[in-house]
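S.K.: Could you have a look at this structure, given as structure tokens, before my questions?
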Amino acid sequence: MLLIHCPYCEETLPEVEFTYAGEAHIARPENPAEMSDEDWQQFLFMRDNVKGDHFERWRHLHGCGRFFNAVRNTITDKFLTTYEAGAPRPDLAALKSSVSEGQK
Amino acid sequence: MNAPLSAFPPATLAETSAAKVSSILPKVRFSLRARGDLAPLDQALGVALPRRIGETVKGAVEVACLGPDEWLVLASEAAPVAQACAGVYATLPHSLVEISAREVTFVIDGPRASELMTIGCARDIDAIAVGSARRTLFDGATVTLWRDAEDRFRMDVWNSFAPHLLHLLQVGARELAAESV
Ligand SMILES: [Zn+2]
């Protein structure tokens with residue numbers, strides 16, 4: 001079972017308390033009515049399907065209830081970090097070097 | 001199977017050498033949601049709302065912080081709490097919902113109570129501090145799990161899940177007692 005760190009509870013907790021909620025940092029367009037069908041389709045359906053480090057949303061459903069963001073490697077299933085919703089996208093290179101430092 | 005609150009009057013529901021499972025008198029329960037400067041609510045409730053998830057406080061009412069903007073409030077009477085919070089609504093808009101009809105409470109205590117919790121809860125039970133409370137899962141059902149002492153837990157359970165969880169706890173208490181250690 002995966003252990004996931006909830007940035008709100010500040011605890012690392014079993015995966016069963018969490019639900020996955022898709023790709024992170026996708027901003028809803030301000031004026032959907034003004035968008036072309038193609039742009040709306042891009043926003044609504046098209047996702048990156050990353051093989052590797054993926055920015056994604058999770059929700060601590062059976063806990064504090066909050067949505068938050070995470071960086072998870074889709075090959076190894078390892079979490080590089082988790083952070084509060086609304087926080088800026090962390091720099092991936094800096095993140096990876098700090099994680100590999102921590103493993104030395 | 002579903003069950004009304006009245007299906008769980010205060011009683012001892014299982015008692016073995018490992019642990020005792022009992023239901024306790026239903027309390028008045030509220031779900032409180034608020035953001036911003038919480039001082040008016042602290043004053044209205046007569047206790048300082050805990051700011052960290054998992055923290056609890058007991059005074060005029062008993063409160064557990066379940067989320068960044070969510071608290072569970074237990075009281076002996078509903079009206080005083082509702083009135084006190086209504087009094088500060090203009091200063092601090094919030095949501096206060098009575099959820100008394102939703103849950104029953106089981107108390108699990110005894111020398112192997114913490115071991116009994118491991119049959120349904122995936123959390124590290126040893127890491128749960130005495131005096132804390134949180135929402136978690138117990139065998140697939142959402143519960144609020146309080147640790148009142150090293151060997152005493154309180155579990156608030158939605159009444160639709162209560163017969164299932166009670167049965168699980170009863171069997172678990174008997175199995176732990178039957179084990180030769
Ligand atoms: Zn959480």
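Chain lettering (A, B, ...) mirrors the order of the structure tokens, residue numbering begins at 1 for each chain separately, and ligand numbering begins at 1 in order of display.
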Please identify all protein, DNA and RNA residues within 10 Å of ligand 1, counting only C-alpha atoms and all ligand atoms, and report them as a PDB file with C-alpha atoms, in the first residue's frame.

M.R.:
ATOM      1  CA  ILE A   4       0.851   9.510   1.059  1.00  0.00           C
ATOM      2  CA  HIS A   5       1.791  12.688   2.894  1.00  0.00           C
ATOM      3  CA  CYS A   6      -1.200  15.007   3.348  1.00  0.00           C
ATOM      4  CA  PRO A   7       0.055  18.607   3.386  1.00  0.00           C
ATOM      5  CA  TYR A   8      -2.942  19.684   5.484  1.00  0.00           C
ATOM      6  CA  CYS A   9      -2.838  16.916   8.104  1.00  0.00           C
ATOM      7  CA  GLU A  10       0.994  17.004   8.020  1.00  0.00           C
ATOM      8  CA  GLU A  11       0.989  13.243   8.353  1.00  0.00           C
ATOM      9  CA  THR A  12       1.983  10.362   6.074  1.00  0.00           C
ATOM     10  CA  LEU A  13      -1.048   8.114   5.828  1.00  0.00           C
ATOM     11  CA  GLU A  17      -7.869   7.308   2.822  1.00  0.00           C
ATOM     12  CA  PHE A  18      -7.104   9.118  -0.454  1.00  0.00           C
ATOM     13  CA  ARG A  59      -7.996  14.246  -2.250  1.00  0.00           C
ATOM     14  CA  HIS A  60      -7.734  13.187   1.391  1.00  0.00           C
ATOM     15  CA  LEU A  61     -11.333  12.036   1.195  1.00  0.00           C
ATOM     16  CA  HIS A  62     -11.511   9.904   4.342  1.00  0.00           C
ATOM     17  CA  GLY A  63      -9.514  12.365   6.434  1.00  0.00           C
ATOM     18  CA  CYS A  64      -9.418  16.141   6.284  1.00  0.00           C
ATOM     19  CA  GLY A  65     -11.387  16.086   3.010  1.00  0.00           C
ATOM     20  CA  ARG A  66      -9.002  18.424   1.186  1.00  0.00           C
ATOM     21  CA  PHE A  67      -7.771  18.370  -2.389  1.00  0.00           C
ATOM     22  CA  PHE A  68      -4.015  18.852  -2.742  1.00  0.00           C
TER      23      PHE A  68
ATOM     24  CA  ILE B  53      -5.976  18.732  12.423  1.00  0.00           C
ATOM     25  CA  GLY B  54      -6.278  15.931  14.995  1.00  0.00           C
ATOM     26  CA  LEU B  66     -11.118  17.372  11.432  1.00  0.00           C
ATOM     27  CA  GLY B  67      -9.887  19.578   8.595  1.00  0.00           C
ATOM     28  CA  PRO B  68      -8.352  22.992   7.897  1.00  0.00           C
ATOM     29  CA  ARG B 134      -9.439  12.271  13.287  1.00  0.00           C
ATOM     30  CA  ARG B 135     -11.612  11.048  10.484  1.00  0.00           C
ATOM     31  CA  THR B 136     -10.338   7.802   8.978  1.00  0.00           C
TER      32      THR B 136
END

S.K.: Please report as an MDAnalysis selection string which residues of chain B come no farther than 12 Å from chain A, using only C-alpha atoms.

M.R.: chainID B and resid 51:55 64:72 120:125 127:128 133:145

S.K.: Would you compute the distance between CA of Ala33 in chain A and CA of Asn69 in chain A? Give it in Å to one decimal.

M.R.: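 Spanning CA of Ala33 in chain A to CA of Asn69 in chain A is a straight-line distance of 28.2 Å.
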
S.K.: Give me, as a PyMOL selection string, the residues of chain B that a backbone DSSP run labels strand (DSSP E or B).

M.R.: chain B and resi 11-15+20-23+28-33+56-58+62-67+70-75+95-98+103-109+132-138+141-149+152-158

S.K.: Which is closest to Ser100 in chain B among B:Val28, B:Met155, B:Ala34, B:Cys85, if we use only C-alpha atoms?

M.R.: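 Among the listed residues, the smallest separation from Ser100 in chain B belongs to B:Val28.
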
S.K.: Taking only chain B into account, list the residues labelled alpha helix (DSSP H) by DSSP (computed from the backbone), as a ChimeraX atom specification.

M.R.: /B:39-45,78-87,113-117,162-178

S.K.: Compile the contact shell of Val81 in chain B as a compact mmCIF listing (two decimals) with N, CA and C atoms, in the first residue's frame: residues with an atom at most 10 Å away, counting only C-alpha atoms, same-chain residues fewer than 3 positions apart removed.

M.R.:
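Once written, result.txt looks like this:
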# COMPACT_ATOMS: atom_id res chain seq x y z
N VAL B 28 -25.29 15.28 21.40
CA VAL B 28 -25.63 16.22 20.33
C VAL B 28 -24.34 16.50 19.57
N PHE B 30 -22.48 18.43 16.17
CA PHE B 30 -22.55 19.45 15.12
C PHE B 30 -21.33 19.34 14.22
N ALA B 44 -17.92 32.31 21.41
CA ALA B 44 -19.30 31.82 21.45
C ALA B 44 -19.36 30.43 22.05
N LEU B 45 -18.40 29.59 21.72
CA LEU B 45 -18.44 28.19 22.18
C LEU B 45 -17.84 28.03 23.57
N GLY B 46 -17.07 29.02 23.99
CA GLY B 46 -16.46 28.94 25.32
C GLY B 46 -15.22 28.07 25.37
N ALA B 60 -16.84 23.49 27.80
CA ALA B 60 -18.30 23.54 27.75
C ALA B 60 -18.81 22.58 26.67
N VAL B 61 -18.06 22.47 25.59
CA VAL B 61 -18.34 21.49 24.53
C VAL B 61 -17.04 20.76 24.24
N VAL B 73 -18.27 19.18 16.80
CA VAL B 73 -18.59 19.74 18.11
C VAL B 73 -19.58 18.83 18.82
N LEU B 74 -19.21 18.31 19.99
CA LEU B 74 -20.11 17.48 20.79
C LEU B 74 -20.60 18.30 21.97
N ALA B 75 -21.90 18.21 22.24
CA ALA B 75 -22.48 18.99 23.34
C ALA B 75 -23.56 18.16 24.00
N SER B 76 -23.99 18.60 25.19
CA SER B 76 -25.07 17.86 25.85
C SER B 76 -26.43 18.37 25.39
N GLU B 77 -26.47 19.63 24.96
CA GLU B 77 -27.73 20.21 24.47
C GLU B 77 -27.48 20.98 23.18
N ALA B 78 -28.44 20.93 22.28
CA ALA B 78 -28.25 21.56 20.97
C ALA B 78 -28.49 23.08 21.00
N ALA B 84 -25.54 30.33 20.49
CA ALA B 84 -24.26 31.04 20.66
C ALA B 84 -23.60 31.29 19.31
N CYS B 85 -23.64 30.29 18.43
CA CYS B 85 -23.00 30.47 17.12
C CYS B 85 -23.80 31.44 16.25
N ALA B 86 -25.13 31.36 16.34
CA ALA B 86 -25.96 32.30 15.58
C ALA B 86 -25.63 33.74 15.98
N GLY B 87 -25.28 33.93 17.24
CA GLY B 87 -24.98 35.27 17.75
C GLY B 87 -23.76 35.90 17.09
N LEU B 96 -23.06 25.74 10.54
CA LEU B 96 -23.20 24.87 11.72
C LEU B 96 -24.37 23.94 11.44

S.K.: Could you check which of A:Leu2, A:Ala24, A:Met46, A:Leu80 is closest to Ser97 in chain A, using only C-alpha atoms?

M.R.: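 Among the listed residues, A:Leu80 lies closest to Ser97 in chain A.
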
S.K.: Compile the contact shell of range 49-58 of chain A as a ChimeraX atom specification: residues with an atom at most 8 Å away, counting only C-alpha atoms, same-chain residues fewer than 3 positions apart removed.

M.R.: /A:18-25,67-75

S.K.: Which is closer to Arg147 in chain B than all the others in B:Tyr89, B:Ala173, B:His164, B:Thr56, using only C-alpha atoms?

M.R.: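 That would be B:Thr56, the residue with the smallest distance to Arg147 in chain B.
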
S.K.: CA of Pro29 in chain A and CA of Pro90 in chain A, how far apart in Å?

M.R.: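 Taking CA of Pro90 in chain A and CA of Pro29 in chain A, their separation equals 22.2 Å.
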
S.K.: Between B:Val57, B:Ala129, B:Leu176, B:Leu32, single out the one closest to Ala82 in chain B, counting only C-alpha atoms.

M.R.: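 Counting only C-alpha atoms, the residue closest to Ala82 in chain B is B:Leu32.
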
S.K.: Which of these, B:Ala90, B:Ala178, B:Ile108, B:Met117, has the shortest distance to Ala14 in chain B once you count only C-alpha atoms?

M.R.: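 Using only C-alpha atoms, Ala14 in chain B sits closest to B:Ile108.
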
S.K.: Which residues are near Ala39 in chain B? Cut-off 9 Å, only C-alpha atoms, ignore same chain within fewer than 5 positions. Put them as a VMD selection string.

M.R.: chain B and resid 44 48 to 49 92

S.K.: How would the residues just chosen look if you wrote them out with N, CA and C atoms as a PDB file, in the first residue's frame?

M.R.:
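Ended up saving to out35.pdb:
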ATOM      1  N   ALA B  44     -17.915  32.313  21.413  1.00  0.00           N
ATOM      2  CA  ALA B  44     -19.296  31.824  21.447  1.00  0.00           C
ATOM      3  C   ALA B  44     -19.362  30.428  22.050  1.00  0.00           C
ATOM      4  N   ALA B  48     -11.387  27.387  22.977  1.00  0.00           N
ATOM      5  CA  ALA B  48     -10.599  27.784  21.808  1.00  0.00           C
ATOM      6  C   ALA B  48     -10.616  26.634  20.814  1.00  0.00           C
ATOM      7  N   LEU B  49     -11.145  26.879  19.607  1.00  0.00           N
ATOM      8  CA  LEU B  49     -11.175  25.831  18.585  1.00  0.00           C
ATOM      9  C   LEU B  49      -9.744  25.392  18.285  1.00  0.00           C
ATOM     10  N   LEU B  92     -18.768  36.577  11.870  1.00  0.00           N
ATOM     11  CA  LEU B  92     -18.008  35.508  11.208  1.00  0.00           C
ATOM     12  C   LEU B  92     -18.983  34.507  10.574  1.00  0.00           C
TER      13      LEU B  92
END

S.K.: For Arg174 in chain B, which residue among B:Glu15, B:Asp156, B:Glu62, B:Asp126 is the nearest when counting only C-alpha atoms?

M.R.: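 Looking at the shortest contact to Arg174 in chain B, the residue is B:Glu15.
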